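Shown below: work_18.cif, with mmCIF, C-alpha atoms.
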```cif
data_run
loop_
_atom_site.label_atom_id
_atom_site.label_comp_id
_atom_site.auth_asym_id
_atom_site.auth_seq_id
_atom_site.Cartn_x
_atom_site.Cartn_y
_atom_site.Cartn_z
CA MET A 855 61.73 5.56 -204.71
CA GLU A 856 59.85 8.81 -205.33
CA ARG A 857 56.09 9.13 -205.25
CA GLU A 858 54.51 11.75 -207.48
CA ILE A 859 51.72 13.78 -205.87
CA ARG A 860 49.39 15.66 -208.20
CA PHE A 861 47.91 18.78 -206.64
CA ILE A 862 45.52 21.59 -207.50
CA LEU A 863 45.90 25.11 -206.14
CA ILE A 864 42.93 27.41 -205.61
CA GLY A 865 44.08 30.99 -205.12
CA LEU A 866 47.29 32.62 -206.34
CA GLY A 867 47.54 35.49 -203.89
CA ASN A 868 50.38 35.86 -201.40
CA ILE A 869 49.86 32.45 -199.80
CA GLY A 870 49.44 30.50 -203.03
CA ARG A 871 52.25 32.27 -204.85
CA ASN A 872 54.65 31.87 -201.93
CA LEU A 873 53.76 28.18 -201.74
CA LEU A 874 54.93 27.77 -205.33
CA ASP A 875 58.09 29.71 -204.56
CA ILE A 876 58.87 27.49 -201.56
CA LEU A 877 58.25 24.39 -203.66
CA LEU A 878 60.74 25.67 -206.22
CA GLN A 879 63.35 26.00 -203.48
CA ARG A 880 62.51 22.88 -201.47
CA GLN A 881 61.35 20.31 -204.03
CA GLU A 882 64.63 18.42 -204.25
CA ALA A 883 65.02 18.35 -200.47
CA ILE A 884 61.45 17.07 -200.07
CA ALA A 885 62.09 14.37 -202.67
CA ARG A 886 65.28 13.35 -200.89
CA ASP A 887 63.90 13.45 -197.34
CA TYR A 888 60.35 12.19 -197.87
CA GLY A 889 60.30 10.53 -201.27
CA LEU A 890 57.62 12.93 -202.52
CA ARG A 891 57.53 15.05 -205.65
CA PHE A 892 54.64 17.49 -206.01
CA ARG A 893 53.30 18.20 -209.50
CA LEU A 894 50.94 21.16 -209.97
CA VAL A 895 48.29 20.07 -212.49
CA GLY A 896 45.79 22.89 -212.01
CA ALA A 897 45.69 26.44 -210.63
CA ALA A 898 42.81 28.90 -210.42
CA ASP A 899 42.46 32.58 -209.57
CA SER A 900 39.98 35.34 -210.35
CA SER A 901 40.98 35.36 -214.04
CA GLY A 902 40.24 31.69 -214.66
CA ALA A 903 42.40 28.61 -214.51
CA ALA A 904 45.44 26.87 -215.95
CA ILE A 905 45.40 23.09 -216.44
CA ASP A 906 48.18 20.79 -217.60
CA ASP A 907 48.23 17.07 -216.86
CA ALA A 908 51.99 17.04 -217.45
CA GLY A 909 52.44 19.74 -214.83
CA LEU A 910 52.46 23.52 -214.86
CA THR A 911 55.85 25.22 -214.66
CA LEU A 912 55.94 26.85 -211.24
CA ARG A 913 58.40 29.58 -212.16
CA GLN A 914 56.35 30.62 -215.18
CA LEU A 915 53.16 30.83 -213.14
CA ILE A 916 54.91 32.89 -210.45
CA GLN A 917 56.28 35.28 -213.07
CA LEU A 918 52.82 35.71 -214.58
CA LYS A 919 51.37 36.67 -211.21
CA LEU A 920 54.22 39.03 -210.36
CA GLY A 921 53.67 40.64 -213.76
CA GLY A 922 50.04 41.35 -212.94
CA TYR A 923 48.54 38.56 -215.02
CA GLY A 924 46.32 35.65 -214.05
CA ALA A 925 46.39 31.89 -214.48
CA ALA A 926 44.07 32.19 -217.49
CA VAL A 927 46.84 33.59 -219.72
CA TYR A 928 49.26 30.72 -219.04
CA PRO A 929 50.41 29.63 -222.56
CA GLN A 930 48.44 26.69 -223.98
CA ALA A 931 47.13 25.69 -220.54
CA GLY A 932 45.09 28.82 -219.73
CA ARG A 933 41.32 28.53 -219.36
CA PRO A 934 39.84 32.06 -219.25
CA GLY A 935 36.63 32.22 -217.26
CA MET A 936 36.88 28.71 -215.79
CA ASN A 937 36.08 28.92 -212.10
CA ALA A 938 37.80 27.01 -209.33
CA LEU A 939 34.97 24.51 -208.83
CA GLU A 940 34.92 23.63 -212.53
CA MET A 941 38.67 23.06 -212.36
CA VAL A 942 38.40 20.82 -209.30
CA GLN A 943 35.68 18.78 -210.97
CA SER A 944 37.60 18.35 -214.22
CA VAL A 945 41.18 17.66 -213.08
CA GLU A 946 42.44 14.40 -211.60
CA ALA A 947 44.49 15.16 -208.48
CA ASP A 948 45.62 13.70 -205.16
CA ILE A 949 45.44 16.92 -203.13
CA VAL A 950 43.38 20.10 -203.46
CA VAL A 951 44.96 23.13 -201.77
CA ASP A 952 42.53 25.91 -200.85
CA ALA A 953 44.38 29.21 -200.59
CA SER A 954 41.44 31.30 -201.74
CA PRO A 955 40.40 34.44 -199.82
CA THR A 956 38.46 33.94 -196.59
CA ASN A 957 34.75 34.59 -197.04
CA LEU A 958 32.71 34.43 -193.84
CA GLU A 959 29.32 34.91 -195.49
CA ASP A 960 29.04 31.67 -197.47
CA GLY A 961 32.63 30.38 -197.56
CA GLU A 962 32.84 30.57 -201.34
CA PRO A 963 34.61 29.76 -203.55
CA GLY A 964 36.49 27.53 -201.13
CA MET A 965 33.42 25.85 -199.60
CA SER A 966 32.15 24.29 -202.83
CA CYS A 967 35.66 23.32 -203.91
CA VAL A 968 36.43 21.57 -200.61
CA ARG A 969 33.12 19.71 -200.69
CA ALA A 970 33.73 18.60 -204.27
CA ALA A 971 37.32 17.55 -203.56
CA ILE A 972 36.27 15.40 -200.61
CA ALA A 973 33.44 13.83 -202.63
CA GLN A 974 35.98 12.94 -205.33
CA GLY A 975 38.29 11.27 -202.81
CA CYS A 976 40.95 13.98 -202.77
CA HIS A 977 42.90 15.02 -199.71
CA VAL A 978 42.39 18.70 -198.85
CA VAL A 979 44.84 21.21 -197.38
CA MET A 980 43.41 24.56 -196.33
CA ALA A 981 44.86 27.99 -195.67
CA ASN A 982 41.37 29.45 -196.06
CA LYS A 983 39.54 29.78 -192.72
CA GLY A 984 36.05 30.51 -194.04
CA PRO A 985 34.71 27.01 -194.73
CA LEU A 986 36.09 25.71 -191.44
CA VAL A 987 34.53 28.53 -189.41
CA LEU A 988 31.15 28.05 -191.11
CA ALA A 989 31.01 24.26 -191.49
CA PHE A 990 33.74 22.56 -189.47
CA GLY A 991 31.67 19.55 -188.41
CA GLU A 992 30.27 18.96 -191.87
CA LEU A 993 33.63 19.11 -193.64
CA THR A 994 35.61 17.04 -191.13
CA GLY A 995 32.80 14.48 -190.99
CA ALA A 996 32.66 14.21 -194.78
CA ALA A 997 36.45 13.78 -194.95
CA GLU A 998 36.37 11.02 -192.35
CA GLU A 999 33.55 9.23 -194.17
CA ALA A 1000 35.41 9.53 -197.48
CA GLY A 1001 38.66 8.29 -195.95
CA VAL A 1002 40.63 11.39 -196.91
CA THR A 1003 42.73 13.81 -194.90
CA LEU A 1004 41.54 17.37 -194.24
CA SER A 1005 44.47 19.47 -192.97
CA TYR A 1006 44.41 23.11 -191.92
CA SER A 1007 47.38 23.83 -189.66
CA GLY A 1008 48.14 27.04 -191.56
CA THR A 1009 44.80 28.61 -190.64
CA VAL A 1010 45.77 29.45 -187.04
CA ALA A 1011 48.85 31.65 -186.49
CA GLY A 1012 50.52 30.91 -189.82
CA GLY A 1013 53.51 28.61 -189.53
CA LEU A 1014 53.05 28.00 -185.81
CA PRO A 1015 51.83 24.39 -185.39
CA THR A 1016 49.01 25.58 -183.11
CA VAL A 1017 46.49 23.00 -184.32
CA ASN A 1018 49.05 20.19 -184.50
CA ILE A 1019 50.20 20.71 -180.91
CA GLY A 1020 46.66 20.65 -179.61
CA VAL A 1021 45.27 17.80 -181.71
CA ARG A 1022 48.29 15.52 -182.05
CA ASP A 1023 50.78 16.30 -179.29
CA LEU A 1024 48.27 16.69 -176.45
CA ALA A 1025 46.43 13.48 -177.32
CA GLY A 1026 45.22 11.76 -174.17
CA SER A 1027 45.53 14.91 -172.08
CA GLY A 1028 42.75 17.31 -171.14
CA VAL A 1029 43.08 20.96 -172.15
CA THR A 1030 41.71 23.29 -169.48
CA ARG A 1031 42.69 26.66 -170.95
CA VAL A 1032 44.00 28.01 -174.24
CA GLU A 1033 45.58 31.45 -174.57
CA GLY A 1034 46.69 32.64 -177.97
CA ILE A 1035 47.98 35.63 -179.85
CA PHE A 1036 46.53 34.51 -183.16
CA ASN A 1037 46.57 37.81 -185.04
CA GLY A 1038 49.93 39.34 -185.89
CA THR A 1039 48.57 42.74 -186.87
CA THR A 1040 47.06 43.52 -183.46
CA ASN A 1041 50.14 42.30 -181.60
CA TYR A 1042 52.34 44.46 -183.83
CA ILE A 1043 50.19 47.52 -183.15
CA LEU A 1044 49.99 47.16 -179.36
CA THR A 1045 53.67 46.22 -179.08
CA ARG A 1046 54.81 49.27 -181.03
CA MET A 1047 52.45 51.54 -179.15
CA ALA A 1048 53.86 50.36 -175.81
CA SER A 1049 57.53 50.16 -176.74
CA GLU A 1050 57.78 53.34 -178.85
CA GLN A 1051 55.19 55.55 -177.11
CA MET A 1052 53.28 55.62 -180.37
CA GLY A 1053 49.60 56.32 -181.03
CA TYR A 1054 47.21 53.76 -182.51
CA ASP A 1055 46.93 55.43 -185.93
CA GLU A 1056 50.70 55.65 -186.39
CA ALA A 1057 51.21 52.03 -185.31
CA LEU A 1058 48.47 50.87 -187.70
CA LYS A 1059 50.11 52.77 -190.54
CA GLY A 1060 53.38 50.99 -189.73
CA ALA A 1061 51.62 47.62 -189.86
CA GLN A 1062 50.15 48.47 -193.25
CA GLU A 1063 53.50 49.64 -194.59
CA GLY A 1064 55.08 46.45 -193.22
CA GLY A 1065 52.62 44.34 -195.19
CA ILE A 1066 50.90 42.68 -192.23
CA ALA A 1067 47.76 44.84 -192.21
CA GLU A 1068 45.26 45.28 -195.02
CA ALA A 1069 44.21 48.67 -196.34
CA ASP A 1070 40.93 47.89 -194.53
CA PRO A 1071 42.15 46.36 -191.24
CA THR A 1072 38.66 45.82 -189.77
CA LEU A 1073 38.81 42.02 -189.42
CA ASP A 1074 42.13 42.28 -187.62
CA VAL A 1075 41.75 45.26 -185.32
CA ASP A 1076 38.13 44.52 -184.38
CA GLY A 1077 39.08 41.00 -183.29
CA TRP A 1078 37.24 38.92 -185.87
CA ASP A 1079 40.30 37.27 -187.43
CA ALA A 1080 41.44 36.03 -184.02
CA ALA A 1081 37.88 34.93 -183.23
CA ASN A 1082 37.77 32.86 -186.45
CA LYS A 1083 40.95 31.10 -185.38
CA LEU A 1084 39.64 30.50 -181.88
CA VAL A 1085 36.55 28.86 -183.43
CA ILE A 1086 38.85 26.49 -185.34
CA ILE A 1087 40.81 25.67 -182.17
CA ALA A 1088 37.60 25.09 -180.19
CA ASN A 1089 36.27 22.71 -182.83
CA SER A 1090 39.49 20.82 -183.48
CA VAL A 1091 41.44 20.79 -180.20
CA LEU A 1092 38.66 21.19 -177.64
CA ARG A 1093 36.18 19.11 -179.66
CA ARG A 1094 33.48 21.64 -178.94
CA ALA A 1095 30.99 22.40 -181.72
CA THR A 1096 31.58 26.15 -181.93
CA THR A 1097 30.55 29.08 -184.13
CA LEU A 1098 31.49 32.76 -184.09
CA ALA A 1099 28.32 33.48 -182.11
CA ASP A 1100 29.87 31.60 -179.16
CA VAL A 1101 32.81 34.02 -178.88
CA ARG A 1102 32.79 37.39 -177.09
CA VAL A 1103 34.79 39.69 -179.33
CA GLU A 1104 36.46 43.00 -178.53
CA GLY A 1105 38.92 44.83 -180.76
CA ILE A 1106 41.92 47.00 -179.93
CA ARG A 1107 40.81 50.36 -181.36
CA LYS A 1108 39.95 51.69 -177.90
CA VAL A 1109 43.26 50.76 -176.28
CA THR A 1110 45.06 54.02 -175.46
CA LEU A 1111 48.70 54.82 -174.89
CA GLU A 1112 47.73 55.86 -171.36
CA GLN A 1113 46.27 52.40 -170.66
CA LEU A 1114 49.43 50.73 -171.95
CA GLU A 1115 51.59 52.97 -169.74
CA GLU A 1116 49.39 52.32 -166.69
CA ALA A 1117 49.63 48.56 -167.25
CA GLN A 1118 53.40 48.84 -167.57
CA ALA A 1119 53.60 50.74 -164.29
CA GLN A 1120 51.75 47.85 -162.65
CA GLY A 1121 54.15 45.27 -164.10
CA ARG A 1122 51.74 44.18 -166.82
CA VAL A 1123 51.58 44.12 -170.61
CA ILE A 1124 48.37 44.50 -172.64
CA LYS A 1125 48.18 41.90 -175.39
CA PRO A 1126 45.46 40.89 -177.91
CA LEU A 1127 44.48 37.51 -176.50
CA ALA A 1128 42.15 34.75 -177.65
CA VAL A 1129 41.09 32.67 -174.64
CA ALA A 1130 39.17 29.43 -174.14
CA GLU A 1131 38.76 28.50 -170.48
CA TRP A 1132 36.97 25.54 -168.91
CA ASP A 1133 34.57 26.70 -166.20
CA GLY A 1134 33.53 23.25 -165.00
CA GLN A 1135 30.68 22.84 -167.46
CA ASP A 1136 31.77 24.42 -170.74
CA PHE A 1137 34.51 26.50 -172.33
CA ASP A 1138 34.17 30.27 -172.08
CA LEU A 1139 35.46 31.81 -175.32
CA SER A 1140 36.66 35.39 -175.74
CA VAL A 1141 38.91 37.65 -177.79
CA GLY A 1142 40.18 41.04 -176.68
CA PRO A 1143 42.98 43.05 -175.06
CA VAL A 1144 44.14 41.52 -171.76
CA ALA A 1145 46.64 42.89 -169.20
CA LEU A 1146 49.10 40.04 -168.59
CA GLU A 1147 51.80 39.68 -165.97
CA GLN A 1148 55.20 40.35 -167.55
CA SER A 1149 56.23 36.78 -166.76
CA HIS A 1150 53.44 35.35 -168.95
CA PRO A 1151 54.78 33.69 -172.15
CA MET A 1152 52.51 35.81 -174.36
CA ALA A 1153 53.53 39.03 -172.58
CA ARG A 1154 57.09 38.50 -173.80
CA THR A 1155 56.15 38.31 -177.49
CA GLY A 1156 57.63 40.87 -179.88
CA MET A 1157 55.83 42.79 -182.58
CA TRP A 1158 56.39 40.12 -185.26
CA ASP A 1159 55.32 37.25 -182.99
CA MET A 1160 52.27 35.07 -182.56
CA GLY A 1161 51.91 32.34 -179.99
CA VAL A 1162 49.81 29.89 -178.01
CA VAL A 1163 49.75 28.52 -174.47
CA TYR A 1164 47.97 25.25 -173.68
CA HIS A 1165 47.14 24.53 -170.04
CA THR A 1166 46.51 20.83 -169.49
CA ASP A 1167 45.57 18.47 -166.68
CA THR A 1168 48.46 16.01 -167.14
CA MET A 1169 51.07 17.64 -169.41
CA GLY A 1170 51.42 20.91 -167.55
CA ARG A 1171 51.67 24.16 -169.51
CA ILE A 1172 53.00 24.12 -173.06
CA SER A 1173 53.90 27.34 -174.87
CA ALA A 1174 54.99 27.99 -178.45
CA VAL A 1175 55.87 31.22 -180.26
CA ILE A 1176 56.63 32.01 -183.89
CA THR A 1177 58.44 35.06 -185.24
CA ALA A 1178 57.48 35.67 -188.85
CA GLU A 1179 57.49 38.83 -190.93
CA GLY A 1180 54.97 38.37 -193.74
CA PRO A 1181 52.88 35.50 -195.14
CA VAL A 1182 55.65 33.07 -196.14
CA ALA A 1183 55.33 31.01 -192.94
CA THR A 1184 51.66 30.35 -193.69
CA SER A 1185 52.61 29.03 -197.11
CA ALA A 1186 55.25 26.84 -195.47
CA ALA A 1187 52.54 25.47 -193.17
CA VAL A 1188 50.52 24.50 -196.24
CA LEU A 1189 53.50 22.59 -197.60
CA ARG A 1190 53.93 20.98 -194.17
CA ASP A 1191 50.35 19.70 -194.35
CA MET A 1192 50.80 18.48 -197.93
CA THR A 1193 53.89 16.53 -196.90
CA ASN A 1194 52.34 15.13 -193.71
CA VAL A 1195 49.44 13.63 -195.64
CA TYR A 1196 51.90 11.03 -196.93
CA ARG A 1197 54.23 10.63 -193.96
#
```

Can you present the structure in this file as structure tokens?
Amino acid sequence: MEREIRFILIGLGNIGRNLLDILLQRQEAIARDYGLRFRLVGAADSSGAAIDDAGLTLRQLIQLKLGGYGAAVYPQAGRPGMNALEMVQSVEADIVVDASPTNLEDGEPGMSCVRAAIAQGCHVVMANKGPLVLAFGELTGAAEEAGVTLSYSGTVAGGLPTVNIGVRDLAGSGVTRVEGIFNGTTNYILTRMASEQMGYDEALKGAQEGGIAEADPTLDVDGWDAANKLVIIANSVLRRATTLADVRVEGIRKVTLEQLEEAQAQGRVIKPLAVAEWDGQDFDLSVGPVALEQSHPMARTGMWDMGVVYHTDTMGRISAVITAEGPVATSAAVLRDMTNVYR
């Protein structure tokens, strides 16, 4: 017997739009394998919102976005000017999906929407890192008190189950060190520089042309995106109340081709690493380029890879790597979280 799950989507950029596309392809398989059928009853972007209790047509919404239009012009269901919070407060749903852009100043619009969803008894699935980085304890505490699930596995390394491995699969074991390549752009740049004898500017241009770097790559190349993800790992896996101020952050702009060649001559590979290490009293948290032995799992990653290594006291060392070109894997992680709420 199928169970219908009503969901709201905040944000129709690459992650939100690809989520709808994956649902179009996978809906029948999900219904067959898990007995779940997801119905989109509300969607919001910068133009406004679209609301339909009977369900919005995913293909039509995707076509609107690809045509350069917003949710507000969806026939009959469009609500020009309605913001995401107003939509969340006015639509009855089981899950609210936050795929809005990351905002590290005040977390909006996602922050208010997540708070409202939890207060209304909705489960929340997040691809947006901002609210978690700024208010992890508040949001997870509110979800626990409300008896709803707050899932965010897509916020750290896209489709790689980085959070799930640490929180679920290492339960009962102590984590002593975490090493992660959490930002694909920086790994792409350093990998191409080293393997193709290419300068930083040329490698960055390749990342932008490949769609994995923004026109303004500051958050990536200066280390802040990886630091945001390390904050989420520290809070969730290490259970350490952590903010960005706790992380030493260094970018990759100053890494030269000469440094990469020197490391290679010494049997090492420079990689953009996020590290949390237990020093006996607390975790030391840092992000920056690190020269790794070639045998290290993260040293062997290719330019489209991200990965994580967990060092534990009783489960040994566990490594995982994902190869993903583009944002589709992050959208798939959102669907994974939506499905797991009911498994």

Check which residues of range 1000-1100 of chain A sit at most 7 Å from range 1107-1118 of chain A using only C-alpha atoms, and return one row each with the closest pair of atoms and their distance in Å to one decimal, ordered by chain and rising number, as JSON lines.
```
{"residue": "A:Met1047", "atom": "CA", "partner": "A:Leu1111", "partner_atom": "CA", "distance": 6.6}
{"residue": "A:Ala1048", "atom": "CA", "partner": "A:Leu1114", "partner_atom": "CA", "distance": 5.9}
{"residue": "A:Gln1051", "atom": "CA", "partner": "A:Leu1111", "partner_atom": "CA", "distance": 6.9}
{"residue": "A:Gly1053", "atom": "CA", "partner": "A:Leu1111", "partner_atom": "CA", "distance": 6.4}
{"residue": "A:Val1075", "atom": "CA", "partner": "A:Arg1107", "partner_atom": "CA", "distance": 6.5}
```

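Taking all atoms listed in the file into account, those protein, DNA and RNA residues with any atom at most 9 Å away from (40.3, 16.8, -166.2) amount to Ser1027, Gly1028, Val1029, Thr1030, Thr1166, Asp1167 and Thr1168 of chain A.
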
Next on the checklist: From (50.5, 28.0, -199.9), in the file's coordinates, out to 6 Å: which residues are reached, counting all atoms listed in the file? Answer as a ChimeraX atom specification.
Outcome noted: /A:869-870,873,1185,1188

Checklist entry - For this file, the PyMOL selection byres ((chain A and resi 1103-1105) around 10) selects which residues, as a PyMOL selection string? => result chain A and resi 1040+1072-1078+1080-1081+1098-1102+1106-1109+1126-1128+1139-1143

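Across A:Leu874, A:Val1163, A:Ala953, A:Ala903, the tightest approach to Gln930 in chain A is made by A:Ala903 when counting all atoms listed in the file.
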
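The closest residue to Asn957 in chain A, picked from A:Leu894, A:Leu920, A:Val979, A:Val987 and counting all atoms listed in the file, is A:Val987.
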
Item to check | Residues within 9 Å of range 876-879 of chain A, only C-alpha atoms, excluding chain neighbours under 2 positions, as a PyMOL selection string | outcome: chain A and resi 871-874+881-884+892+912-913+1182+1185-1186+1189

Could those selected residues go to a file with C-alpha atoms, as a PDB file, in the coordinates of the input?
```pdb
ATOM      1  CA  ARG A 871      52.250  32.270-204.850  1.00  0.00           C
ATOM      2  CA  ASN A 872      54.650  31.870-201.930  1.00  0.00           C
ATOM      3  CA  LEU A 873      53.760  28.180-201.740  1.00  0.00           C
ATOM      4  CA  LEU A 874      54.930  27.770-205.330  1.00  0.00           C
ATOM      5  CA  GLN A 881      61.350  20.310-204.030  1.00  0.00           C
ATOM      6  CA  GLU A 882      64.630  18.420-204.250  1.00  0.00           C
ATOM      7  CA  ALA A 883      65.020  18.350-200.470  1.00  0.00           C
ATOM      8  CA  ILE A 884      61.450  17.070-200.070  1.00  0.00           C
ATOM      9  CA  PHE A 892      54.640  17.490-206.010  1.00  0.00           C
ATOM     10  CA  LEU A 912      55.940  26.850-211.240  1.00  0.00           C
ATOM     11  CA  ARG A 913      58.400  29.580-212.160  1.00  0.00           C
ATOM     12  CA  VAL A1182      55.650  33.070-196.140  1.00  0.00           C
ATOM     13  CA  SER A1185      52.610  29.030-197.110  1.00  0.00           C
ATOM     14  CA  ALA A1186      55.250  26.840-195.470  1.00  0.00           C
ATOM     15  CA  LEU A1189      53.500  22.590-197.600  1.00  0.00           C
TER      16      LEU A1189
END
```

Distance query Ala971 in chain A at most 12 Å, only C-alpha atoms, self and fewer than 4 positions along chain excluded, as an mmCIF file with C-alpha atoms, in the coordinates of the input:
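File result.cif, as written:
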```cif
data_model
loop_
_atom_site.group_PDB
_atom_site.id
_atom_site.type_symbol
_atom_site.label_atom_id
_atom_site.label_comp_id
_atom_site.auth_asym_id
_atom_site.auth_seq_id
_atom_site.Cartn_x
_atom_site.Cartn_y
_atom_site.Cartn_z
ATOM 1 C CA PHE A 861 47.910 18.780 -206.640
ATOM 2 C CA ILE A 862 45.520 21.590 -207.500
ATOM 3 C CA LEU A 863 45.900 25.110 -206.140
ATOM 4 C CA ILE A 864 42.930 27.410 -205.610
ATOM 5 C CA ALA A 938 37.800 27.010 -209.330
ATOM 6 C CA LEU A 939 34.970 24.510 -208.830
ATOM 7 C CA GLU A 940 34.920 23.630 -212.530
ATOM 8 C CA MET A 941 38.670 23.060 -212.360
ATOM 9 C CA VAL A 942 38.400 20.820 -209.300
ATOM 10 C CA GLN A 943 35.680 18.780 -210.970
ATOM 11 C CA SER A 944 37.600 18.350 -214.220
ATOM 12 C CA VAL A 945 41.180 17.660 -213.080
ATOM 13 C CA GLU A 946 42.440 14.400 -211.600
ATOM 14 C CA ALA A 947 44.490 15.160 -208.480
ATOM 15 C CA ASP A 948 45.620 13.700 -205.160
ATOM 16 C CA ILE A 949 45.440 16.920 -203.130
ATOM 17 C CA VAL A 950 43.380 20.100 -203.460
ATOM 18 C CA VAL A 951 44.960 23.130 -201.770
ATOM 19 C CA ASP A 952 42.530 25.910 -200.850
ATOM 20 C CA GLY A 964 36.490 27.530 -201.130
ATOM 21 C CA MET A 965 33.420 25.850 -199.600
ATOM 22 C CA SER A 966 32.150 24.290 -202.830
ATOM 23 C CA CYS A 967 35.660 23.320 -203.910
ATOM 24 C CA GLY A 975 38.290 11.270 -202.810
ATOM 25 C CA CYS A 976 40.950 13.980 -202.770
ATOM 26 C CA HIS A 977 42.900 15.020 -199.710
ATOM 27 C CA VAL A 978 42.390 18.700 -198.850
ATOM 28 C CA VAL A 979 44.840 21.210 -197.380
ATOM 29 C CA MET A 980 43.410 24.560 -196.330
ATOM 30 C CA LEU A 993 33.630 19.110 -193.640
ATOM 31 C CA ALA A 996 32.660 14.210 -194.780
ATOM 32 C CA ALA A 997 36.450 13.780 -194.950
ATOM 33 C CA ALA A 1000 35.410 9.530 -197.480
ATOM 34 C CA VAL A 1002 40.630 11.390 -196.910
ATOM 35 C CA THR A 1003 42.730 13.810 -194.900
ATOM 36 C CA LEU A 1004 41.540 17.370 -194.240
#
```

Item to check | Straight-line distance linking CA of Thr1016 in chain A with CA of Gly1001 in chain A, stated in Å to one decimal | outcome: 23.9 Å

Checklist entry - Counting only C-alpha atoms, which of A:Gly865, A:Gly961, A:Gly909, A:Pro955 gets nearest to Leu988 in chain A? => result A:Gly961

Checklist entry - Once the PyMOL selection byres ((chain A and resi 1151) around 9) has been applied to the shown file, what residues remain in the selection, as a PyMOL selection string? => result chain A and resi 1148-1150+1152-1155+1161-1163+1173-1175

Could those selected residues go to a file with C-alpha atoms, as an mmCIF file, keeping the file's coordinate frame?
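See selection20.cif below for the written result:
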```cif
data_model
loop_
_atom_site.group_PDB
_atom_site.id
_atom_site.type_symbol
_atom_site.label_atom_id
_atom_site.label_comp_id
_atom_site.auth_asym_id
_atom_site.auth_seq_id
_atom_site.Cartn_x
_atom_site.Cartn_y
_atom_site.Cartn_z
ATOM 1 C CA GLN A 1148 55.200 40.350 -167.550
ATOM 2 C CA SER A 1149 56.230 36.780 -166.760
ATOM 3 C CA HIS A 1150 53.440 35.350 -168.950
ATOM 4 C CA MET A 1152 52.510 35.810 -174.360
ATOM 5 C CA ALA A 1153 53.530 39.030 -172.580
ATOM 6 C CA ARG A 1154 57.090 38.500 -173.800
ATOM 7 C CA THR A 1155 56.150 38.310 -177.490
ATOM 8 C CA GLY A 1161 51.910 32.340 -179.990
ATOM 9 C CA VAL A 1162 49.810 29.890 -178.010
ATOM 10 C CA VAL A 1163 49.750 28.520 -174.470
ATOM 11 C CA SER A 1173 53.900 27.340 -174.870
ATOM 12 C CA ALA A 1174 54.990 27.990 -178.450
ATOM 13 C CA VAL A 1175 55.870 31.220 -180.260
#
```

Excluding Lys1059 in chain A and residues on its chain fewer than 4 positions from it, collect all residues at most 12 Å away from it, counting only C-alpha atoms, and give them as a PDB file with C-alpha atoms, in the frame of the given file.
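To be explicit, this is the file written out as selection.pdb:
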```pdb
ATOM      1  CA  THR A1039      48.570  42.740-186.870  1.00  0.00           C
ATOM      2  CA  TYR A1042      52.340  44.460-183.830  1.00  0.00           C
ATOM      3  CA  ILE A1043      50.190  47.520-183.150  1.00  0.00           C
ATOM      4  CA  ARG A1046      54.810  49.270-181.030  1.00  0.00           C
ATOM      5  CA  MET A1047      52.450  51.540-179.150  1.00  0.00           C
ATOM      6  CA  MET A1052      53.280  55.620-180.370  1.00  0.00           C
ATOM      7  CA  GLY A1053      49.600  56.320-181.030  1.00  0.00           C
ATOM      8  CA  TYR A1054      47.210  53.760-182.510  1.00  0.00           C
ATOM      9  CA  ASP A1055      46.930  55.430-185.930  1.00  0.00           C
ATOM     10  CA  GLU A1063      53.500  49.640-194.590  1.00  0.00           C
ATOM     11  CA  GLY A1064      55.080  46.450-193.220  1.00  0.00           C
ATOM     12  CA  GLY A1065      52.620  44.340-195.190  1.00  0.00           C
ATOM     13  CA  ILE A1066      50.900  42.680-192.230  1.00  0.00           C
ATOM     14  CA  ALA A1067      47.760  44.840-192.210  1.00  0.00           C
ATOM     15  CA  GLU A1068      45.260  45.280-195.020  1.00  0.00           C
ATOM     16  CA  ALA A1069      44.210  48.670-196.340  1.00  0.00           C
ATOM     17  CA  ASP A1070      40.930  47.890-194.530  1.00  0.00           C
ATOM     18  CA  PRO A1071      42.150  46.360-191.240  1.00  0.00           C
TER      19      PRO A1071
END
```

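In this comparison, which uses only C-alpha atoms, the residue of A:Gln1135, A:Gly1038, A:Asp1191, A:Asp875 approaching Ile1176 in chain A most closely is A:Gly1038.
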
Next on the checklist: Would you pick out the contacts of Asn1018 in chain A at 10 Å or less, using all atoms listed in the file, so that residues sharing its chain but fewer than 4 positions from it are not included, and give the list as a PyMOL selection string?
Outcome noted: chain A and resi 1005-1008+1014+1022-1024+1090-1091+1191

Checklist entry - Hey, what comes out of the PyMOL selection byres ((chain A and resi 899) around 6) on this file? Could you write it as a list in words? => result Gly865, Leu866, Ala898, Ser900, Ser901 and Gly902 of chain A

Please determine an axis-aligned box that encloses all atoms of range 913-922 of chain A listed in the file, with 4 Å added on each side, and express its centre and edge lengths in Å to one decimal as AutoDock Vina command-line options.
```
--center_x 54.2 --center_y 35.5 --center_z -212.8 --size_x 16.4 --size_y 19.8 --size_z 12.8
```

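Taking all atoms listed in the file into account, Met1192 in chain A lies nearest to A:Ala981 out of the set A:Ala926, A:Ala1011, A:Ala981, A:Leu910.
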
Checklist entry - Mind pulling up the distance from CA of Thr1193 in chain A to CA of Phe990 in chain A? => result 22.3 Å

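For the pair CA of Ile1035 in chain A and CA of Asp1159 in chain A, the interatomic distance is 8.1 Å.
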
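The shortest atom-to-atom distance to Thr1096 in chain A, with only C-alpha atoms taken into account, belongs to A:Ala1130 out of A:Ala1130, A:Ile1124, A:Ile916, A:Ala908.
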